[in-house]
$ cat entry01.json   # JSON, N, CA and C atoms
[["chain", "number", "residue", "atom", "x", "y", "z"],
["A", 1340, "MET", "N", 0.85, -1.18, 0.00],
["A", 1340, "MET", "CA", 0.00, 0.00, 0.00],
["A", 1340, "MET", "C", 0.89, 1.24, 0.00],
["A", 1341, "PHE", "N", 0.53, 2.20, -0.84],
["A", 1341, "PHE", "CA", 1.25, 3.46, -0.91],
["A", 1341, "PHE", "C", 0.37, 4.59, -0.43],
["A", 1342, "LEU", "N", 0.95, 5.52, 0.27],
["A", 1342, "LEU", "CA", 0.24, 6.70, 0.73],
["A", 1342, "LEU", "C", 0.04, 7.65, -0.45],
["A", 1343, "LYS", "N", -1.20, 8.11, -0.65],
["A", 1343, "LYS", "CA", -1.48, 9.07, -1.71],
["A", 1343, "LYS", "C", -0.85, 10.41, -1.35],
["A", 1344, "PRO", "N", -0.39, 11.17, -2.35],
["A", 1344, "PRO", "CA", 0.24, 12.46, -2.06],
["A", 1344, "PRO", "C", -0.74, 13.42, -1.38],
["A", 1345, "HIS", "N", -0.24, 14.14, -0.41],
["A", 1345, "HIS", "CA", -0.98, 15.19, 0.30],
["A", 1345, "HIS", "C", -2.21, 14.65, 1.03],
["A", 1346, "LYS", "N", -2.14, 13.41, 1.50],
["A", 1346, "LYS", "CA", -3.24, 12.81, 2.27],
["A", 1346, "LYS", "C", -2.74, 12.45, 3.66],
["A", 1347, "PRO", "N", -3.62, 12.48, 4.66],
["A", 1347, "PRO", "CA", -3.19, 12.15, 6.02],
["A", 1347, "PRO", "C", -2.88, 10.65, 6.15],
["A", 1348, "ALA", "N", -1.82, 10.35, 6.87],
["A", 1348, "ALA", "CA", -1.37, 8.96, 6.99],
["A", 1348, "ALA", "C", -2.25, 8.13, 7.91],
["A", 1349, "ASP", "N", -3.09, 8.76, 8.72],
["A", 1349, "ASP", "CA", -3.91, 8.01, 9.67],
["A", 1349, "ASP", "C", -5.26, 7.59, 9.11],
["A", 1350, "SER", "N", -5.56, 7.91, 7.86],
["A", 1350, "SER", "CA", -6.83, 7.56, 7.24],
["A", 1350, "SER", "C", -6.64, 6.37, 6.28],
["A", 1351, "VAL", "N", -7.55, 5.43, 6.35],
["A", 1351, "VAL", "CA", -7.48, 4.24, 5.49],
["A", 1351, "VAL", "C", -7.64, 4.62, 4.01],
["A", 1352, "THR", "N", -8.47, 5.62, 3.72],
["A", 1352, "THR", "CA", -8.71, 6.01, 2.34],
["A", 1352, "THR", "C", -7.54, 6.78, 1.73],
["A", 1353, "SER", "N", -6.52, 7.06, 2.52],
["A", 1353, "SER", "CA", -5.35, 7.79, 2.02],
["A", 1353, "SER", "C", -4.35, 6.87, 1.33],
["A", 1354, "TYR", "N", -4.61, 5.58, 1.33],
["A", 1354, "TYR", "CA", -3.67, 4.63, 0.75],
["A", 1354, "TYR", "C", -4.26, 4.00, -0.50],
["A", 1355, "ARG", "N", -3.38, 3.66, -1.43],
["A", 1355, "ARG", "CA", -3.81, 2.96, -2.64],
["A", 1355, "ARG", "C", -3.06, 1.64, -2.73],
["A", 1356, "PRO", "N", -3.73, 0.61, -3.24],
["A", 1356, "PRO", "CA", -3.06, -0.69, -3.33],
["A", 1356, "PRO", "C", -2.09, -0.74, -4.51],
["A", 1357, "ILE", "N", -1.17, -1.66, -4.42],
["A", 1357, "ILE", "CA", -0.23, -1.89, -5.51],
["A", 1357, "ILE", "C", -0.74, -3.09, -6.29],
["A", 1358, "GLN", "N", -0.88, -2.92, -7.58],
["A", 1358, "GLN", "CA", -1.31, -4.05, -8.40],
["A", 1358, "GLN", "C", -0.39, -4.12, -9.60],
["A", 1359, "LEU", "N", 0.37, -5.17, -9.66],
["A", 1359, "LEU", "CA", 1.27, -5.38, -10.78],
["A", 1359, "LEU", "C", 0.67, -6.49, -11.65],
["A", 1360, "THR", "N", 0.24, -6.12, -12.84],
["A", 1360, "THR", "CA", -0.36, -7.09, -13.74],
["A", 1360, "THR", "C", 0.73, -7.66, -14.64],
["A", 1361, "LEU", "N", 0.76, -8.95, -14.74],
["A", 1361, "LEU", "CA", 1.75, -9.60, -15.58],
["A", 1361, "LEU", "C", 1.52, -9.25, -17.04],
["A", 1362, "THR", "N", 2.60, -9.21, -17.78],
["A", 1362, "THR", "CA", 2.53, -8.91, -19.21],
["A", 1362, "THR", "C", 1.67, -9.93, -19.94],
["A", 1363, "LEU", "N", 1.77, -11.19, -19.55],
["A", 1363, "LEU", "CA", 0.99, -12.23, -20.19],
["A", 1363, "LEU", "C", -0.51, -11.98, -20.03],
["A", 1364, "SER", "N", -0.92, -11.56, -18.83],
["A", 1364, "SER", "CA", -2.35, -11.30, -18.62],
["A", 1364, "SER", "C", -2.82, -10.11, -19.43],
["A", 1365, "LYS", "N", -1.96, -9.11, -19.62],
["A", 1365, "LYS", "CA", -2.32, -7.97, -20.46],
["A", 1365, "LYS", "C", -2.51, -8.39, -21.91],
["A", 1366, "ILE", "N", -1.64, -9.27, -22.38],
["A", 1366, "ILE", "CA", -1.74, -9.77, -23.76],
["A", 1366, "ILE", "C", -3.02, -10.59, -23.92],
["A", 1367, "LEU", "N", -3.30, -11.47, -22.94],
["A", 1367, "LEU", "CA", -4.52, -12.28, -23.00],
["A", 1367, "LEU", "C", -5.77, -11.40, -22.97],
["A", 1368, "LYS", "N", -5.74, -10.34, -22.20],
["A", 1368, "LYS", "CA", -6.87, -9.42, -22.14],
["A", 1368, "LYS", "C", -7.12, -8.79, -23.50],
["A", 1369, "ARG", "N", -6.06, -8.35, -24.17],
["A", 1369, "ARG", "CA", -6.22, -7.74, -25.50],
["A", 1369, "ARG", "C", -6.79, -8.75, -26.51],
["A", 1370, "ILE", "N", -6.32, -9.99, -26.44],
["A", 1370, "ILE", "CA", -6.83, -11.02, -27.34],
["A", 1370, "ILE", "C", -8.30, -11.29, -27.06],
["A", 1371, "LEU", "N", -8.67, -11.38, -25.79],
["A", 1371, "LEU", "CA", -10.06, -11.63, -25.41],
["A", 1371, "LEU", "C", -10.97, -10.49, -25.84],
["A", 1372, "VAL", "N", -10.55, -9.26, -25.63],
["A", 1372, "VAL", "CA", -11.35, -8.11, -26.03],
["A", 1372, "VAL", "C", -11.54, -8.09, -27.54],
["A", 1373, "LYS", "N", -10.49, -8.39, -28.29],
["A", 1373, "LYS", "CA", -10.60, -8.44, -29.75],
["A", 1373, "LYS", "C", -11.58, -9.52, -30.20],
["A", 1374, "CYS", "N", -11.50, -10.69, -29.55],
["A", 1374, "CYS", "CA", -12.44, -11.78, -29.89],
["A", 1374, "CYS", "C", -13.87, -11.40, -29.57],
["A", 1375, "LEU", "N", -14.08, -10.76, -28.41],
["A", 1375, "LEU", "CA", -15.43, -10.33, -28.04],
["A", 1375, "LEU", "C", -15.98, -9.30, -29.02],
["A", 1376, "HIS", "N", -15.16, -8.34, -29.40],
["A", 1376, "HIS", "CA", -15.61, -7.33, -30.36],
["A", 1376, "HIS", "C", -15.97, -7.96, -31.69],
["A", 1377, "THR", "N", -15.15, -8.91, -32.13],
["A", 1377, "THR", "CA", -15.44, -9.61, -33.39],
["A", 1377, "THR", "C", -16.75, -10.39, -33.28],
["A", 1378, "HIS", "N", -16.95, -11.08, -32.16],
["A", 1378, "HIS", "CA", -18.18, -11.85, -31.96],
["A", 1378, "HIS", "C", -19.40, -10.93, -31.95],
["A", 1379, "PHE", "N", -19.31, -9.83, -31.23],
["A", 1379, "PHE", "CA", -20.45, -8.90, -31.17],
["A", 1379, "PHE", "C", -20.73, -8.28, -32.53],
["A", 1380, "HIS", "N", -19.69, -8.01, -33.30],
["A", 1380, "HIS", "CA", -19.88, -7.41, -34.62],
["A", 1380, "HIS", "C", -20.49, -8.41, -35.60],
["A", 1381, "ASP", "N", -20.03, -9.65, -35.57],
["A", 1381, "ASP", "CA", -20.48, -10.66, -36.54],
["A", 1381, "ASP", "C", -21.85, -11.24, -36.21],
["A", 1382, "ASN", "N", -22.14, -11.47, -34.95],
["A", 1382, "ASN", "CA", -23.37, -12.18, -34.57],
["A", 1382, "ASN", "C", -24.51, -11.29, -34.11],
["A", 1383, "HIS", "N", -24.25, -10.03, -33.84],
["A", 1383, "HIS", "CA", -25.27, -9.05, -33.44],
["A", 1383, "HIS", "C", -26.11, -9.51, -32.24],
["A", 1384, "PRO", "N", -25.47, -9.94, -31.13],
["A", 1384, "PRO", "CA", -26.26, -10.35, -29.97],
["A", 1384, "PRO", "C", -26.77, -9.16, -29.15],
["A", 1385, "LEU", "N", -26.24, -7.97, -29.42],
["A", 1385, "LEU", "CA", -26.63, -6.79, -28.67],
["A", 1385, "LEU", "C", -27.71, -6.01, -29.41],
["A", 1386, "PRO", "N", -28.60, -5.35, -28.68],
["A", 1386, "PRO", "CA", -29.60, -4.51, -29.34],
["A", 1386, "PRO", "C", -28.94, -3.34, -30.07],
["A", 1387, "ASP", "N", -29.66, -2.77, -31.03],
["A", 1387, "ASP", "CA", -29.09, -1.67, -31.82],
["A", 1387, "ASP", "C", -28.75, -0.45, -30.98],
["A", 1388, "HIS", "N", -29.47, -0.24, -29.89],
["A", 1388, "HIS", "CA", -29.21, 0.95, -29.08],
["A", 1388, "HIS", "C", -28.13, 0.74, -28.02],
["A", 1389, "GLN", "N", -27.52, -0.44, -27.97],
["A", 1389, "GLN", "CA", -26.44, -0.71, -27.03],
["A", 1389, "GLN", "C", -25.14, -0.10, -27.54],
["A", 1390, "ALA", "N", -24.52, 0.79, -26.76],
["A", 1390, "ALA", "CA", -23.30, 1.45, -27.20],
["A", 1390, "ALA", "C", -22.04, 0.79, -26.64],
["A", 1391, "GLY", "N", -22.12, 0.18, -25.46],
["A", 1391, "GLY", "CA", -20.95, -0.44, -24.85],
["A", 1391, "GLY", "C", -20.54, -1.68, -25.61],
["A", 1392, "LEU", "N", -19.24, -1.96, -25.63],
["A", 1392, "LEU", "CA", -18.65, -3.13, -26.28],
["A", 1392, "LEU", "C", -18.85, -3.15, -27.78],
["A", 1393, "ARG", "N", -19.05, -1.98, -28.38],
["A", 1393, "ARG", "CA", -19.22, -1.93, -29.83],
["A", 1393, "ARG", "C", -18.30, -0.86, -30.41],
["A", 1394, "PHE", "N", -17.69, -1.17, -31.55],
["A", 1394, "PHE", "CA", -16.86, -0.19, -32.23],
["A", 1394, "PHE", "C", -17.74, 0.91, -32.82],
["A", 1395, "SER", "N", -17.23, 2.10, -32.92],
["A", 1395, "SER", "CA", -17.87, 3.25, -33.56],
["A", 1395, "SER", "C", -19.15, 3.70, -32.87],
["A", 1396, "TYR", "N", -19.37, 3.31, -31.63],
["A", 1396, "TYR", "CA", -20.51, 3.79, -30.86],
["A", 1396, "TYR", "C", -19.98, 4.43, -29.59],
["A", 1397, "SER", "N", -20.67, 5.46, -29.14],
["A", 1397, "SER", "CA", -20.24, 6.12, -27.91],
["A", 1397, "SER", "C", -21.46, 6.69, -27.21],
["A", 1398, "ILE", "N", -21.23, 7.25, -26.04],
["A", 1398, "ILE", "CA", -22.32, 7.85, -25.29],
["A", 1398, "ILE", "C", -22.89, 9.05, -26.05],
["A", 1399, "GLN", "N", -22.05, 9.74, -26.81],
["A", 1399, "GLN", "CA", -22.54, 10.88, -27.60],
["A", 1399, "GLN", "C", -23.56, 10.42, -28.64],
["A", 1400, "TYR", "N", -23.32, 9.26, -29.25],
["A", 1400, "TYR", "CA", -24.26, 8.70, -30.22],
["A", 1400, "TYR", "C", -25.61, 8.41, -29.54],
["A", 1401, "GLU", "N", -25.55, 7.82, -28.35],
["A", 1401, "GLU", "CA", -26.79, 7.49, -27.64],
["A", 1401, "GLU", "C", -27.51, 8.75, -27.18],
["A", 1402, "LEU", "N", -26.79, 9.77, -26.76],
["A", 1402, "LEU", "CA", -27.43, 11.03, -26.37],
["A", 1402, "LEU", "C", -28.09, 11.69, -27.57],
["A", 1403, "LEU", "N", -27.45, 11.63, -28.73],
["A", 1403, "LEU", "CA", -28.05, 12.18, -29.95],
["A", 1403, "LEU", "C", -29.31, 11.41, -30.32],
["A", 1404, "ARG", "N", -29.27, 10.08, -30.21],
["A", 1404, "ARG", "CA", -30.44, 9.26, -30.51],
["A", 1404, "ARG", "C", -31.60, 9.58, -29.56],
["A", 1405, "LEU", "N", -31.28, 9.73, -28.28],
["A", 1405, "LEU", "CA", -32.30, 10.07, -27.29],
["A", 1405, "LEU", "C", -32.88, 11.46, -27.55],
["A", 1406, "THR", "N", -32.04, 12.42, -27.86],
["A", 1406, "THR", "CA", -32.51, 13.78, -28.15],
["A", 1406, "THR", "C", -33.41, 13.78, -29.38],
["A", 1407, "ASN", "N", -33.04, 13.06, -30.41],
["A", 1407, "ASN", "CA", -33.89, 12.97, -31.61],
["A", 1407, "ASN", "C", -35.24, 12.34, -31.29],
["A", 1408, "HIS", "N", -35.22, 11.30, -30.49],
["A", 1408, "HIS", "CA", -36.46, 10.62, -30.12],
["A", 1408, "HIS", "C", -37.39, 11.58, -29.35],
["A", 1409, "ILE", "N", -36.85, 12.28, -28.38],
["A", 1409, "ILE", "CA", -37.67, 13.22, -27.60],
["A", 1409, "ILE", "C", -38.18, 14.35, -28.48],
["A", 1410, "THR", "N", -37.32, 14.88, -29.35],
["A", 1410, "THR", "CA", -37.72, 15.97, -30.24],
["A", 1410, "THR", "C", -38.82, 15.53, -31.20],
["A", 1411, "ASN", "N", -38.69, 14.33, -31.75],
["A", 1411, "ASN", "CA", -39.72, 13.83, -32.66],
["A", 1411, "ASN", "C", -41.06, 13.66, -31.95],
["A", 1412, "HIS", "N", -41.04, 13.15, -30.75],
["A", 1412, "HIS", "CA", -42.28, 13.01, -29.99],
["A", 1412, "HIS", "C", -42.86, 14.37, -29.62],
["A", 1413, "TYR", "N", -42.02, 15.32, -29.30],
["A", 1413, "TYR", "CA", -42.49, 16.68, -28.98],
["A", 1413, "TYR", "C", -43.17, 17.30, -30.20],
["A", 1414, "ASN", "N", -42.57, 17.12, -31.38],
["A", 1414, "ASN", "CA", -43.11, 17.72, -32.60],
["A", 1414, "ASN", "C", -44.47, 17.15, -32.99],
["A", 1415, "ILE", "N", -44.75, 15.90, -32.63],
["A", 1415, "ILE", "CA", -46.05, 15.32, -32.97],
["A", 1415, "ILE", "C", -46.96, 15.23, -31.74],
["A", 1416, "CYS", "N", -46.60, 15.97, -30.69],
["A", 1416, "CYS", "CA", -47.40, 16.08, -29.46],
["A", 1416, "CYS", "C", -47.63, 14.74, -28.76],
["A", 1417, "LYS", "N", -46.62, 13.89, -28.77],
["A", 1417, "LYS", "CA", -46.68, 12.63, -28.03],
["A", 1417, "LYS", "C", -45.83, 12.78, -26.78],
["A", 1418, "PRO", "N", -46.28, 12.23, -25.68],
["A", 1418, "PRO", "CA", -45.49, 12.34, -24.45],
["A", 1418, "PRO", "C", -44.26, 11.41, -24.48],
["A", 1419, "SER", "N", -43.23, 11.80, -23.78],
["A", 1419, "SER", "CA", -42.03, 10.98, -23.64],
["A", 1419, "SER", "C", -41.69, 10.84, -22.16],
["A", 1420, "THR", "N", -41.16, 9.69, -21.80],
["A", 1420, "THR", "CA", -40.76, 9.43, -20.42],
["A", 1420, "THR", "C", -39.33, 8.93, -20.43],
["A", 1421, "LEU", "N", -38.54, 9.42, -19.50],
["A", 1421, "LEU", "CA", -37.16, 8.99, -19.37],
["A", 1421, "LEU", "C", -36.92, 8.57, -17.93],
["A", 1422, "VAL", "N", -36.43, 7.35, -17.75],
["A", 1422, "VAL", "CA", -36.12, 6.82, -16.42],
["A", 1422, "VAL", "C", -34.62, 6.56, -16.39],
["A", 1423, "LEU", "N", -33.93, 7.12, -15.41],
["A", 1423, "LEU", "CA", -32.49, 6.96, -15.27],
["A", 1423, "LEU", "C", -32.17, 6.28, -13.94],
["A", 1424, "PHE", "N", -31.17, 5.41, -13.96],
["A", 1424, "PHE", "CA", -30.71, 4.75, -12.75],
["A", 1424, "PHE", "C", -29.26, 5.12, -12.52],
["A", 1425, "ASP", "N", -28.91, 5.42, -11.28],
["A", 1425, "ASP", "CA", -27.54, 5.77, -10.93],
["A", 1425, "ASP", "C", -26.87, 4.53, -10.34],
["A", 1426, "HIS", "N", -25.92, 3.97, -11.07],
["A", 1426, "HIS", "CA", -25.23, 2.75, -10.63],
["A", 1426, "HIS", "C", -23.79, 3.04, -10.20],
["A", 1427, "GLU", "N", -23.52, 4.25, -9.77],
["A", 1427, "GLU", "CA", -22.15, 4.66, -9.45],
["A", 1427, "GLU", "C", -21.50, 3.76, -8.41],
["A", 1428, "LYS", "N", -22.20, 3.47, -7.34],
["A", 1428, "LYS", "CA", -21.62, 2.67, -6.26],
["A", 1428, "LYS", "C", -22.22, 1.26, -6.20],
["A", 1429, "ALA", "N", -22.87, 0.83, -7.26],
["A", 1429, "ALA", "CA", -23.59, -0.45, -7.23],
["A", 1429, "ALA", "C", -22.65, -1.64, -7.03],
["A", 1430, "PHE", "N", -21.46, -1.58, -7.59],
["A", 1430, "PHE", "CA", -20.58, -2.75, -7.53],
["A", 1430, "PHE", "C", -19.55, -2.67, -6.43],
["A", 1431, "ASN", "N", -19.59, -1.64, -5.58],
["A", 1431, "ASN", "CA", -18.66, -1.54, -4.46],
["A", 1431, "ASN", "C", -19.01, -2.51, -3.35],
["A", 1432, "LYS", "N", -20.24, -3.02, -3.33],
["A", 1432, "LYS", "CA", -20.71, -3.91, -2.27],
["A", 1432, "LYS", "C", -20.47, -5.38, -2.61],
["A", 1433, "VAL", "N", -20.07, -5.69, -3.83],
["A", 1433, "VAL", "CA", -19.91, -7.07, -4.26],
["A", 1433, "VAL", "C", -18.67, -7.68, -3.63]]
$ encode --input "entry01.json" --output "structure tokens"
Amino acid sequence: MFLKPHKPADSVTSYRPIQLTLTLSKILKRILVKCLHTHFHDNHPLPDHQAGLRFSYSIQYELLRLTNHITNHYNICKPSTLVLFDHEKAFNKV
């Protein structure tokens, strides 16, 4: 554990763990990610509006799609509903 710069030494949150990842595991990760991207691209298991794990898609694309959808519904006087979930700390308890 290393002390973070400019943090008090008596606090547990002032330390960061040391994680040394082997070169082999980094290479295997790159191979796995490439295989997953190829699988997702070729077999289309994800819905069209899914941006994660897909090449050439980003959150900006999804925000543009959402904005267009809301604007189109507004122009034809149809109501729109948006439900958002905050998952920021969801996986800290696992």
$ atom_distance --input "entry01.json" --atom1 "CA of Glu1401 (chain A)" --atom2 "CA of Leu1385 (chain A)"
14.3 Å
$ select_by_dssp --input "entry01.json" --residues "chain A" --states "helix (DSSP H, G or I)" --output "ChimeraX atom specification"
/A:1351-1353,1362-1382,1398-1414,1429-1432
$ atom_distance --input "entry01.json" --atom1 "CA of Ile1415 (chain A)" --atom2 "CA of Tyr1400 (chain A)"
22.9 Å
$ atom_distance --input "entry01.json" --atom1 "CA of Pro1384 (chain A)" --atom2 "atom C of Phe1424 (chain A)"
23.5 Å
$ select_by_dssp --input "entry01.json" --residues "region 1341-1431 of chain A" --states "strand (DSSP E)" --output "PyMOL selection string"
chain A and resi 1341-1342+1354-1355
$ residues_around --input "entry01.json" --residues "His1388 (chain A)" --least-positions-apart "5" --cutoff "12 Å" --atoms "only C-alpha atoms" --output "PDB file with N, CA and C atoms, in the frame of the given file"
ATOM      1  N   HIS A1383     -24.250 -10.030 -33.840  1.00  0.00           N
ATOM      2  CA  HIS A1383     -25.270  -9.050 -33.440  1.00  0.00           C
ATOM      3  C   HIS A1383     -26.110  -9.510 -32.240  1.00  0.00           C
ATOM      4  N   ARG A1393     -19.050  -1.980 -28.380  1.00  0.00           N
ATOM      5  CA  ARG A1393     -19.220  -1.930 -29.830  1.00  0.00           C
ATOM      6  C   ARG A1393     -18.300  -0.860 -30.410  1.00  0.00           C
ATOM      7  N   TYR A1396     -19.370   3.310 -31.630  1.00  0.00           N
ATOM      8  CA  TYR A1396     -20.510   3.790 -30.860  1.00  0.00           C
ATOM      9  C   TYR A1396     -19.980   4.430 -29.590  1.00  0.00           C
ATOM     10  N   SER A1397     -20.670   5.460 -29.140  1.00  0.00           N
ATOM     11  CA  SER A1397     -20.240   6.120 -27.910  1.00  0.00           C
ATOM     12  C   SER A1397     -21.460   6.690 -27.210  1.00  0.00           C
ATOM     13  N   ILE A1398     -21.230   7.250 -26.040  1.00  0.00           N
ATOM     14  CA  ILE A1398     -22.320   7.850 -25.290  1.00  0.00           C
ATOM     15  C   ILE A1398     -22.890   9.050 -26.050  1.00  0.00           C
ATOM     16  N   TYR A1400     -23.320   9.260 -29.250  1.00  0.00           N
ATOM     17  CA  TYR A1400     -24.260   8.700 -30.220  1.00  0.00           C
ATOM     18  C   TYR A1400     -25.610   8.410 -29.540  1.00  0.00           C
ATOM     19  N   GLU A1401     -25.550   7.820 -28.350  1.00  0.00           N
ATOM     20  CA  GLU A1401     -26.790   7.490 -27.640  1.00  0.00           C
ATOM     21  C   GLU A1401     -27.510   8.750 -27.180  1.00  0.00           C
ATOM     22  N   LEU A1402     -26.790   9.770 -26.760  1.00  0.00           N
ATOM     23  CA  LEU A1402     -27.430  11.030 -26.370  1.00  0.00           C
ATOM     24  C   LEU A1402     -28.090  11.690 -27.570  1.00  0.00           C
ATOM     25  N   LEU A1403     -27.450  11.630 -28.730  1.00  0.00           N
ATOM     26  CA  LEU A1403     -28.050  12.180 -29.950  1.00  0.00           C
ATOM     27  C   LEU A1403     -29.310  11.410 -30.320  1.00  0.00           C
ATOM     28  N   ARG A1404     -29.270  10.080 -30.210  1.00  0.00           N
ATOM     29  CA  ARG A1404     -30.440   9.260 -30.510  1.00  0.00           C
ATOM     30  C   ARG A1404     -31.600   9.580 -29.560  1.00  0.00           C
ATOM     31  N   LEU A1405     -31.280   9.730 -28.280  1.00  0.00           N
ATOM     32  CA  LEU A1405     -32.300  10.070 -27.290  1.00  0.00           C
ATOM     33  C   LEU A1405     -32.880  11.460 -27.550  1.00  0.00           C
TER      34      LEU A1405
END
$ closest_residue --input "entry01.json" --among "A:Asn1411, A:Leu1361, A:Asp1349, A:Phe1394" --to "Phe1379 (chain A)" --atoms "only C-alpha atoms"
A:Phe1394
$ closest_residue --input "entry01.json" --among "A:Ser1395, A:Arg1355, A:His1376, A:Leu1421" --to "Lys1343 (chain A)" --atoms "all atoms listed in the file"
A:Arg1355
